[in-house]
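Enquirer: To start, I am sharing the structure in question, which I have written as structure tokens.
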Amino acid sequence: MTVSRKIEGFMSRSSWIRRMFEEGIKLKEKYGVENVFDFSLGNPNVDPPDRFRELLAEIVGECECTPGAHMYMPNVGYADTRAEIAAYLSREHSVALSADHIIMTCGAGGALNVVFKTLFDPGDEIIIPKPFFAEYTFYVDNHDGVPIFVETNEDFSLNLDAIGRAVTDRTKVIMINSPNNPTGKVYDQASIDGLSALIEGKQRQYGTEIYLVSDEPYNTIAYDGITVPNILKACKNSLMVTSYSKSLSVPGERIGYIAIGPQMADIERLIGGLTLSNRILGFVNAPALMQRVVARMQGIYVDVEHYRRKRDLLCDGLWQAGLEFERPQGAFYLFPRTPIEDDVKFVRALQEKNILVVPGSGFGGPGHIRISYCVDDATIINSMDGFTAVIKQYR
């Protein structure tokens, strides 16, 4: 056998998202791009802000004139970049952060692996509400953690009672993802405050430290006047991880950061652990060029109106076609209920119409499908006949 038994097992149940994306490549080669309606991958189709391109050109020129511009840096990233991010977060969320509270990372995925490497002893438990981003299970396994999944409410809001029942003396992390992939749900301030109080109570009960980790790569993409609560102010033991992949439409650049709650107990030791983990996991440091760019782009993001319009176009069409769903409050995913229990069968039927979506069972949400609407308008409009036909077939 050329690979380990563990990886062989992981390959057999690897992400439905990538699987459907690869199916899409084959279908596009066979039928033409315009005849395949690919909603499988959350790959932003909105261009980065103009300022991003301007800065990229400026900074490349500056680097060519700056001795040592491409040398090693501290594993936590450039001090001036971290200071700019800390200052922006402090202004926006009324929380006192300094550069020491920010660690630059290779995207949010890299950030989560750094956090888990730092916090987990073998067998430590992490509570994750369902449905959830499918890669979480692999990240947790990377660092010998044990995922404990809990149900959310019917509208995908946090079920604090279920989370409370799941906490044990082995619980090290409670992780949330808001706005959520795959549901588009934004957890409101009352939920965050309630979760913080729950953590405080459970820590007293068990005499342990429990950390709230919030995965927020979509925190700038929220609709209808909804704001995403900041956990750093609400919860003492909190870490926020995020990236610029969606907020600037640059997922290939792999740039993000960890923000550490300033009230954290033993914060210097935690920062030291995160710094070491960033290095020994092989990331070493976040991409230097992108650090220089994002330092000058605080508060500049893609226009969310593009995604709101696509959300409404998709929701209006699928509602008329007969699907039932919770309207997304953020991100760029819709997670409708399938008209039959077997979501994989429903996905295969849509595929016959050259429509590519992902089964909800891949996210711990069977009986649903995930539709990623960061696509051009024509893909949404021209897919509706196929959606309608398949929905009618199974209703």
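Just so we're on the same page: first chain in the structure tokens is A, next is B, and so on; residues restart at 1 for each chain, and ligands are numbered from 1 in the order they show up.
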Determine, counting only C-alpha atoms, which protein, DNA and RNA residues have an atom within 8 Å of an atom of segment 380-382 of chain A; residues of the same chain fewer than 2 positions away are not included. Present the result as number ranges by chain.
Expert: A: 37, 310, 313-314, 373, 375-378, 384-385
Enquirer: So that I can check the secondary structure, give me every residue of segment 48-218 of chain A assigned strand (DSSP E or B) by backbone DSSP, as number ranges by chain.
Expert: A: 102-105, 125-130, 146-151, 171-177, 211-215
Enquirer: As an exercise, work out the distance from atom CA of Thr2 of chain A to atom CA of Ser361 of chain A in Å and give it to one decimal place.
Expert: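 Straight-line distance from atom CA of Thr2 of chain A to atom CA of Ser361 of chain A works out to 29.2 Å.
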Enquirer: Tell me which of A:Pro217, A:Pro287, A:Gly272, A:Leu232 sits closest to Ala86 of chain A, counting only C-alpha atoms.
Expert: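 Counting only C-alpha atoms, the residue closest to Ala86 of chain A is A:Leu232.
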Enquirer: To one decimal place in Å, what is the distance between atom CA of Leu289 of chain A and atom CA of Ile103 of chain A?
Expert: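 Here the two named atoms are 15.7 Å from each other.
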Enquirer: Using only C-alpha atoms, which residue out of A:Ile340, A:Val76, A:Ala162, A:Ala134 lies closest to Gln291 of chain A?
Expert: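 For Gln291 of chain A, the nearest of the candidates is A:Val76.
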Enquirer: Counting only C-alpha atoms, what is within 9 Å of Tyr301 of chain A, bar same-chain residues fewer than 4 positions away, as a list in words?
Expert: Pro48, Pro49, Thr220, Tyr244, Lys246, Ser247, Leu248, Ser249 and Met297 of chain A
Enquirer: Find the spatial neighbours of segment 172-178 of chain A, counting only C-alpha atoms, within a cut-off of 6 Å - ignore same-chain residues fewer than 2 positions away - and output them as an MDAnalysis selection string.
Expert: chainID A and resid 124:128 180 186 210:216
Enquirer: Create the file for the chosen residues now, containing N, CA and C atoms and written as a PDB file, in the first residue's frame.
Expert:
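Written output follows (part-v9.pdb):
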```
ATOM      1  N   ASP A 124      -8.574  15.131  23.882  1.00  0.00           N
ATOM      2  CA  ASP A 124      -9.369  16.314  24.225  1.00  0.00           C
ATOM      3  C   ASP A 124     -10.527  16.465  23.252  1.00  0.00           C
ATOM      4  N   GLU A 125     -11.644  16.943  23.771  1.00  0.00           N
ATOM      5  CA  GLU A 125     -12.870  17.015  22.968  1.00  0.00           C
ATOM      6  C   GLU A 125     -13.130  18.433  22.473  1.00  0.00           C
ATOM      7  N   ILE A 126     -13.683  18.506  21.275  1.00  0.00           N
ATOM      8  CA  ILE A 126     -14.109  19.771  20.684  1.00  0.00           C
ATOM      9  C   ILE A 126     -15.568  19.638  20.277  1.00  0.00           C
ATOM     10  N   ILE A 127     -16.396  20.539  20.742  1.00  0.00           N
ATOM     11  CA  ILE A 127     -17.825  20.518  20.425  1.00  0.00           C
ATOM     12  C   ILE A 127     -18.070  21.377  19.185  1.00  0.00           C
ATOM     13  N   ILE A 128     -18.739  20.794  18.190  1.00  0.00           N
ATOM     14  CA  ILE A 128     -18.983  21.464  16.914  1.00  0.00           C
ATOM     15  C   ILE A 128     -20.471  21.358  16.577  1.00  0.00           C
ATOM     16  N   ASN A 180     -22.257  30.983   8.856  1.00  0.00           N
ATOM     17  CA  ASN A 180     -21.988  29.558   8.792  1.00  0.00           C
ATOM     18  C   ASN A 180     -21.895  29.036   7.361  1.00  0.00           C
ATOM     19  N   VAL A 186     -26.118  33.497  10.815  1.00  0.00           N
ATOM     20  CA  VAL A 186     -25.295  34.337  11.676  1.00  0.00           C
ATOM     21  C   VAL A 186     -25.801  34.167  13.104  1.00  0.00           C
ATOM     22  N   ILE A 210     -11.926  26.058  29.094  1.00  0.00           N
ATOM     23  CA  ILE A 210     -12.612  25.754  27.836  1.00  0.00           C
ATOM     24  C   ILE A 210     -12.487  26.985  26.947  1.00  0.00           C
ATOM     25  N   TYR A 211     -12.122  26.764  25.687  1.00  0.00           N
ATOM     26  CA  TYR A 211     -11.867  27.868  24.772  1.00  0.00           C
ATOM     27  C   TYR A 211     -12.962  27.951  23.707  1.00  0.00           C
ATOM     28  N   LEU A 212     -13.433  29.164  23.461  1.00  0.00           N
ATOM     29  CA  LEU A 212     -14.366  29.404  22.370  1.00  0.00           C
ATOM     30  C   LEU A 212     -13.559  29.820  21.154  1.00  0.00           C
ATOM     31  N   VAL A 213     -13.620  29.013  20.103  1.00  0.00           N
ATOM     32  CA  VAL A 213     -12.916  29.300  18.853  1.00  0.00           C
ATOM     33  C   VAL A 213     -13.971  29.605  17.786  1.00  0.00           C
ATOM     34  N   SER A 214     -13.841  30.751  17.165  1.00  0.00           N
ATOM     35  CA  SER A 214     -14.802  31.162  16.143  1.00  0.00           C
ATOM     36  C   SER A 214     -14.106  31.245  14.794  1.00  0.00           C
ATOM     37  N   ASP A 215     -14.582  30.452  13.843  1.00  0.00           N
ATOM     38  CA  ASP A 215     -14.049  30.421  12.479  1.00  0.00           C
ATOM     39  C   ASP A 215     -14.866  31.407  11.648  1.00  0.00           C
ATOM     40  N   GLU A 216     -14.250  32.516  11.209  1.00  0.00           N
ATOM     41  CA  GLU A 216     -15.024  33.612  10.629  1.00  0.00           C
ATOM     42  C   GLU A 216     -14.506  34.127   9.282  1.00  0.00           C
TER      43      GLU A 216
END
```
Enquirer: Identify which of the residues A:Phe363, A:Phe283, A:Phe116, A:Tyr257 lies closest to His101 of chain A, counting only C-alpha atoms when measuring atom-to-atom distances.
Expert: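 With only C-alpha atoms as the atom set, the closest residue is A:Tyr257.
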Enquirer: Name the residues of segment 85-305 of chain A that fall into alpha helix (DSSP H) according to DSSP on the backbone, using the chain letters and numbers of this document, as number ranges by chain.
Expert: A: 85-93, 107-119, 136-142, 160-166, 189-206, 231-234, 267-280, 288-295, 305
Enquirer: Mind giving me the straight-line distance from atom CA of Arg269 of chain A to atom CA of Thr118 of chain A in Å, one decimal?
Expert: 10.2 Å
